[in-house]
Amino acid sequence: MNQFATEIQRTPRLVPDYPQGELRLEDPAKPSEKPVFSWMTILIPPLAMMSISIFLSLMIRSHYILISTVGMTMVTVIMSIVTYNSNVKRHLEKNKKLEKKYLDYLFQIRYELKQAANRQRESMLYVHPSVETCMDISR
């Protein structure tokens, strides 16, 4: 009897590789600060130009200089405001792109984690099947 017991060997249990490791999430990119403009730097040059031109037109007594000065001043003020608005718009678009890029990154990480969880679940069910699966195998 003892002779037969030594010849029987148990089949080795297969241990599948489980996905292991740590996942470090990158920090989101810091949004850039809103462009800072001083309204004084935008408005002082046109106002100074207009006041000097009005002073000169009163000294020379020419209404044409006054009219042209007002036109140039308005163009300068309008261009300063348009430049400010375009910089603010560019800033907002840049922050939206950074946010979208980070959300895409998080979506990719979530997808990879779901795949790893599915692989781990499949390998666990392969090694430790449910009772119903065991009964189906035995039939």
# chains A, B, ... in the order shown; residues from 1 in each chain; ligands from 1
$ residues_around --residues "A:Gln20" --least-positions-apart "5" --cutoff "12 Å" --atoms "only C-alpha atoms" --output "list in words"
Leu113, Ala116, Ala117, Arg119 and Gln120 of chain A
$ residues_around --residues "A:Lys97" --least-positions-apart "5" --cutoff "12 Å" --atoms "only C-alpha atoms" --output "NGL selection string"
:A and (28-32 or 90-92 or 102-104)
$ residues_around --residues "stretch 79-89 of chain A" --least-positions-apart "6" --cutoff "12 Å" --atoms "only C-alpha atoms" --output "list in words"
Ser32, Glu33, Lys34, Pro35, Val36, Phe37, Ser38, Trp39, Met40, Thr41, Ile42, Leu43, Ile44, Pro45, Pro46, Met72, Thr73, Asn95 and Lys96 of chain A
$ write_last_selection --atoms "N, CA and C atoms" --output "PDB file, in the first residue's frame"
ATOM      1  N   SER A  32      -3.104  78.680 -16.684  1.00  0.00           N
ATOM      2  CA  SER A  32      -2.330  79.913 -16.713  1.00  0.00           C
ATOM      3  C   SER A  32      -3.154  81.041 -16.099  1.00  0.00           C
ATOM      4  N   GLU A  33      -2.456  81.999 -15.582  1.00  0.00           N
ATOM      5  CA  GLU A  33      -3.135  83.116 -14.948  1.00  0.00           C
ATOM      6  C   GLU A  33      -3.723  84.038 -16.003  1.00  0.00           C
ATOM      7  N   LYS A  34      -4.793  84.671 -15.612  1.00  0.00           N
ATOM      8  CA  LYS A  34      -5.468  85.591 -16.523  1.00  0.00           C
ATOM      9  C   LYS A  34      -4.509  86.733 -16.855  1.00  0.00           C
ATOM     10  N   PRO A  35      -4.462  87.111 -18.139  1.00  0.00           N
ATOM     11  CA  PRO A  35      -3.560  88.206 -18.493  1.00  0.00           C
ATOM     12  C   PRO A  35      -3.931  89.479 -17.742  1.00  0.00           C
ATOM     13  N   VAL A  36      -2.921  90.122 -17.219  1.00  0.00           N
ATOM     14  CA  VAL A  36      -3.146  91.323 -16.417  1.00  0.00           C
ATOM     15  C   VAL A  36      -2.845  92.548 -17.273  1.00  0.00           C
ATOM     16  N   PHE A  37      -3.836  93.395 -17.369  1.00  0.00           N
ATOM     17  CA  PHE A  37      -3.672  94.655 -18.077  1.00  0.00           C
ATOM     18  C   PHE A  37      -4.079  95.768 -17.139  1.00  0.00           C
ATOM     19  N   SER A  38      -3.304  96.804 -17.142  1.00  0.00           N
ATOM     20  CA  SER A  38      -3.671  97.986 -16.382  1.00  0.00           C
ATOM     21  C   SER A  38      -4.415  98.912 -17.329  1.00  0.00           C
ATOM     22  N   TRP A  39      -5.614  99.268 -16.912  1.00  0.00           N
ATOM     23  CA  TRP A  39      -6.402 100.157 -17.768  1.00  0.00           C
ATOM     24  C   TRP A  39      -5.703 101.505 -17.930  1.00  0.00           C
ATOM     25  N   MET A  40      -4.877 101.869 -16.963  1.00  0.00           N
ATOM     26  CA  MET A  40      -4.147 103.130 -17.084  1.00  0.00           C
ATOM     27  C   MET A  40      -3.155 103.079 -18.255  1.00  0.00           C
ATOM     28  N   THR A  41      -2.493 101.945 -18.428  1.00  0.00           N
ATOM     29  CA  THR A  41      -1.542 101.848 -19.541  1.00  0.00           C
ATOM     30  C   THR A  41      -2.269 101.794 -20.884  1.00  0.00           C
ATOM     31  N   ILE A  42      -3.534 101.389 -20.858  1.00  0.00           N
ATOM     32  CA  ILE A  42      -4.292 101.355 -22.097  1.00  0.00           C
ATOM     33  C   ILE A  42      -4.857 102.730 -22.433  1.00  0.00           C
ATOM     34  N   LEU A  43      -5.298 103.446 -21.411  1.00  0.00           N
ATOM     35  CA  LEU A  43      -6.007 104.697 -21.663  1.00  0.00           C
ATOM     36  C   LEU A  43      -5.132 105.945 -21.614  1.00  0.00           C
ATOM     37  N   ILE A  44      -4.024 105.932 -20.871  1.00  0.00           N
ATOM     38  CA  ILE A  44      -3.208 107.146 -20.732  1.00  0.00           C
ATOM     39  C   ILE A  44      -2.579 107.593 -22.056  1.00  0.00           C
ATOM     40  N   PRO A  45      -1.984 106.685 -22.874  1.00  0.00           N
ATOM     41  CA  PRO A  45      -1.394 107.187 -24.124  1.00  0.00           C
ATOM     42  C   PRO A  45      -2.402 107.874 -25.057  1.00  0.00           C
ATOM     43  N   PRO A  46      -3.599 107.316 -25.299  1.00  0.00           N
ATOM     44  CA  PRO A  46      -4.528 108.044 -26.166  1.00  0.00           C
ATOM     45  C   PRO A  46      -5.015 109.356 -25.550  1.00  0.00           C
ATOM     46  N   MET A  72      -7.855 109.576 -34.346  1.00  0.00           N
ATOM     47  CA  MET A  72      -6.712 108.722 -33.990  1.00  0.00           C
ATOM     48  C   MET A  72      -6.833 108.195 -32.563  1.00  0.00           C
ATOM     49  N   THR A  73      -7.322 109.044 -31.664  1.00  0.00           N
ATOM     50  CA  THR A  73      -7.493 108.617 -30.280  1.00  0.00           C
ATOM     51  C   THR A  73      -8.520 107.496 -30.178  1.00  0.00           C
ATOM     52  N   ASN A  95      -6.811  77.375 -21.446  1.00  0.00           N
ATOM     53  CA  ASN A  95      -7.233  76.635 -20.248  1.00  0.00           C
ATOM     54  C   ASN A  95      -8.213  75.529 -20.593  1.00  0.00           C
ATOM     55  N   LYS A  96      -9.097  75.759 -21.567  1.00  0.00           N
ATOM     56  CA  LYS A  96     -10.027  74.706 -21.983  1.00  0.00           C
ATOM     57  C   LYS A  96      -9.283  73.543 -22.621  1.00  0.00           C
TER      58      LYS A  96
END
$ atom_distance --atom1 "atom CA of A:Leu125" --atom2 "atom CA of A:Pro16"
10.6 Å
$ closest_residue --among "A:Pro129, A:Ser51, A:Glu112, A:Cys134" --to "A:Pro19" --atoms "only C-alpha atoms"
A:Glu112
$ residues_around --residues "A:Phe55" --least-positions-apart "6" --cutoff "12 Å" --atoms "only C-alpha atoms" --output "list in words"
Ala48, Met49, Arg61, Ser62, His63, Ile65, Leu66 and Thr69 of chain A
$ closest_residue --among "A:Glu26, A:Ser123, A:Leu47, A:Leu56" --to "A:Val70" --atoms "only C-alpha atoms"
A:Leu47
$ select_by_dssp --residues "stretch 15-126 of chain A" --states "helix (DSSP H, G or I)" --output "PyMOL selection string"
chain A and resi 39-60+63-126
$ decode --residues "stretch 122-133 of chain A" --atoms "all heavy atoms" --output "PDB file, in the first residue's frame"
ATOM      1  N   GLU A 122     -11.181  37.505 -14.662  1.00  0.00           N
ATOM      2  CA  GLU A 122     -11.154  36.286 -15.484  1.00  0.00           C
ATOM      3  C   GLU A 122     -10.167  35.269 -14.934  1.00  0.00           C
ATOM      4  O   GLU A 122     -10.455  34.065 -14.875  1.00  0.00           O
ATOM      5  CB  GLU A 122     -10.807  36.625 -16.932  1.00  0.00           C
ATOM      6  CG  GLU A 122     -11.908  37.340 -17.673  1.00  0.00           C
ATOM      7  CD  GLU A 122     -11.461  37.845 -19.034  1.00  0.00           C
ATOM      8  OE1 GLU A 122     -10.296  37.572 -19.424  1.00  0.00           O
ATOM      9  OE2 GLU A 122     -12.264  38.507 -19.697  1.00  0.00           O
ATOM     10  N   SER A 123      -8.999  35.724 -14.533  1.00  0.00           N
ATOM     11  CA  SER A 123      -8.004  34.780 -14.009  1.00  0.00           C
ATOM     12  C   SER A 123      -8.436  34.213 -12.660  1.00  0.00           C
ATOM     13  O   SER A 123      -8.187  33.041 -12.371  1.00  0.00           O
ATOM     14  CB  SER A 123      -6.639  35.452 -13.906  1.00  0.00           C
ATOM     15  OG  SER A 123      -6.712  36.561 -13.042  1.00  0.00           O
ATOM     16  N   MET A 124      -9.111  35.006 -11.843  1.00  0.00           N
ATOM     17  CA  MET A 124      -9.609  34.492 -10.568  1.00  0.00           C
ATOM     18  C   MET A 124     -10.714  33.462 -10.795  1.00  0.00           C
ATOM     19  O   MET A 124     -10.771  32.446 -10.097  1.00  0.00           O
ATOM     20  CB  MET A 124     -10.143  35.636  -9.704  1.00  0.00           C
ATOM     21  CG  MET A 124      -9.072  36.534  -9.128  1.00  0.00           C
ATOM     22  SD  MET A 124      -8.038  35.704  -7.926  1.00  0.00           S
ATOM     23  CE  MET A 124      -9.172  35.556  -6.565  1.00  0.00           C
ATOM     24  N   LEU A 125     -11.583  33.729 -11.757  1.00  0.00           N
ATOM     25  CA  LEU A 125     -12.644  32.763 -12.036  1.00  0.00           C
ATOM     26  C   LEU A 125     -12.090  31.498 -12.676  1.00  0.00           C
ATOM     27  O   LEU A 125     -12.673  30.427 -12.530  1.00  0.00           O
ATOM     28  CB  LEU A 125     -13.710  33.391 -12.943  1.00  0.00           C
ATOM     29  CG  LEU A 125     -14.614  34.422 -12.279  1.00  0.00           C
ATOM     30  CD1 LEU A 125     -15.548  35.040 -13.303  1.00  0.00           C
ATOM     31  CD2 LEU A 125     -15.399  33.801 -11.135  1.00  0.00           C
ATOM     32  N   TYR A 126     -10.966  31.587 -13.363  1.00  0.00           N
ATOM     33  CA  TYR A 126     -10.349  30.409 -13.958  1.00  0.00           C
ATOM     34  C   TYR A 126      -9.774  29.510 -12.869  1.00  0.00           C
ATOM     35  O   TYR A 126      -9.915  28.285 -12.904  1.00  0.00           O
ATOM     36  CB  TYR A 126      -9.262  30.832 -14.936  1.00  0.00           C
ATOM     37  CG  TYR A 126      -8.556  29.672 -15.583  1.00  0.00           C
ATOM     38  CD1 TYR A 126      -9.176  28.933 -16.576  1.00  0.00           C
ATOM     39  CD2 TYR A 126      -7.275  29.314 -15.179  1.00  0.00           C
ATOM     40  CE1 TYR A 126      -8.535  27.861 -17.161  1.00  0.00           C
ATOM     41  CE2 TYR A 126      -6.623  28.243 -15.763  1.00  0.00           C
ATOM     42  CZ  TYR A 126      -7.255  27.520 -16.756  1.00  0.00           C
ATOM     43  OH  TYR A 126      -6.626  26.460 -17.340  1.00  0.00           O
ATOM     44  N   VAL A 127      -9.126  30.104 -11.886  1.00  0.00           N
ATOM     45  CA  VAL A 127      -8.510  29.329 -10.815  1.00  0.00           C
ATOM     46  C   VAL A 127      -9.546  28.900  -9.785  1.00  0.00           C
ATOM     47  O   VAL A 127      -9.524  27.775  -9.293  1.00  0.00           O
ATOM     48  CB  VAL A 127      -7.388  30.148 -10.137  1.00  0.00           C
ATOM     49  CG1 VAL A 127      -6.829  29.415  -8.934  1.00  0.00           C
ATOM     50  CG2 VAL A 127      -6.293  30.427 -11.121  1.00  0.00           C
ATOM     51  N   HIS A 128     -10.462  29.773  -9.461  1.00  0.00           N
ATOM     52  CA  HIS A 128     -11.490  29.502  -8.451  1.00  0.00           C
ATOM     53  C   HIS A 128     -12.866  29.660  -9.093  1.00  0.00           C
ATOM     54  O   HIS A 128     -13.536  30.670  -8.897  1.00  0.00           O
ATOM     55  CB  HIS A 128     -11.363  30.472  -7.269  1.00  0.00           C
ATOM     56  CG  HIS A 128     -10.003  30.523  -6.680  1.00  0.00           C
ATOM     57  ND1 HIS A 128      -9.498  29.501  -5.903  1.00  0.00           N
ATOM     58  CD2 HIS A 128      -9.017  31.458  -6.762  1.00  0.00           C
ATOM     59  CE1 HIS A 128      -8.277  29.818  -5.514  1.00  0.00           C
ATOM     60  NE2 HIS A 128      -7.955  30.993  -6.023  1.00  0.00           N
ATOM     61  N   PRO A 129     -13.295  28.655  -9.860  1.00  0.00           N
ATOM     62  CA  PRO A 129     -14.583  28.788 -10.535  1.00  0.00           C
ATOM     63  C   PRO A 129     -15.740  28.713  -9.545  1.00  0.00           C
ATOM     64  O   PRO A 129     -15.602  28.231  -8.420  1.00  0.00           O
ATOM     65  CB  PRO A 129     -14.599  27.611 -11.514  1.00  0.00           C
ATOM     66  CG  PRO A 129     -13.655  26.625 -10.946  1.00  0.00           C
ATOM     67  CD  PRO A 129     -12.636  27.391 -10.176  1.00  0.00           C
ATOM     68  N   SER A 130     -16.898  29.188 -10.001  1.00  0.00           N
ATOM     69  CA  SER A 130     -18.085  29.138  -9.151  1.00  0.00           C
ATOM     70  C   SER A 130     -18.575  27.691  -9.046  1.00  0.00           C
ATOM     71  O   SER A 130     -18.150  26.807  -9.786  1.00  0.00           O
ATOM     72  CB  SER A 130     -19.172  30.033  -9.735  1.00  0.00           C
ATOM     73  OG  SER A 130     -19.591  29.516 -10.987  1.00  0.00           O
ATOM     74  N   VAL A 131     -19.496  27.456  -8.128  1.00  0.00           N
ATOM     75  CA  VAL A 131     -20.017  26.117  -7.907  1.00  0.00           C
ATOM     76  C   VAL A 131     -20.739  25.620  -9.161  1.00  0.00           C
ATOM     77  O   VAL A 131     -20.603  24.453  -9.556  1.00  0.00           O
ATOM     78  CB  VAL A 131     -20.961  26.113  -6.684  1.00  0.00           C
ATOM     79  CG1 VAL A 131     -21.626  24.756  -6.501  1.00  0.00           C
ATOM     80  CG2 VAL A 131     -20.218  26.530  -5.440  1.00  0.00           C
ATOM     81  N   GLU A 132     -21.499  26.488  -9.798  1.00  0.00           N
ATOM     82  CA  GLU A 132     -22.216  26.095 -11.013  1.00  0.00           C
ATOM     83  C   GLU A 132     -21.250  25.679 -12.119  1.00  0.00           C
ATOM     84  O   GLU A 132     -21.479  24.697 -12.832  1.00  0.00           O
ATOM     85  CB  GLU A 132     -23.103  27.246 -11.515  1.00  0.00           C
ATOM     86  CG  GLU A 132     -24.268  27.573 -10.602  1.00  0.00           C
ATOM     87  CD  GLU A 132     -23.864  28.511  -9.482  1.00  0.00           C
ATOM     88  OE1 GLU A 132     -22.804  29.162  -9.585  1.00  0.00           O
ATOM     89  OE2 GLU A 132     -24.605  28.578  -8.490  1.00  0.00           O
ATOM     90  N   THR A 133     -20.161  26.409 -12.252  1.00  0.00           N
ATOM     91  CA  THR A 133     -19.166  26.063 -13.262  1.00  0.00           C
ATOM     92  C   THR A 133     -18.526  24.712 -12.947  1.00  0.00           C
ATOM     93  O   THR A 133     -18.291  23.908 -13.856  1.00  0.00           O
ATOM     94  CB  THR A 133     -18.099  27.161 -13.357  1.00  0.00           C
ATOM     95  OG1 THR A 133     -18.713  28.431 -13.514  1.00  0.00           O
ATOM     96  CG2 THR A 133     -17.150  26.922 -14.508  1.00  0.00           C
TER      97      THR A 133
END
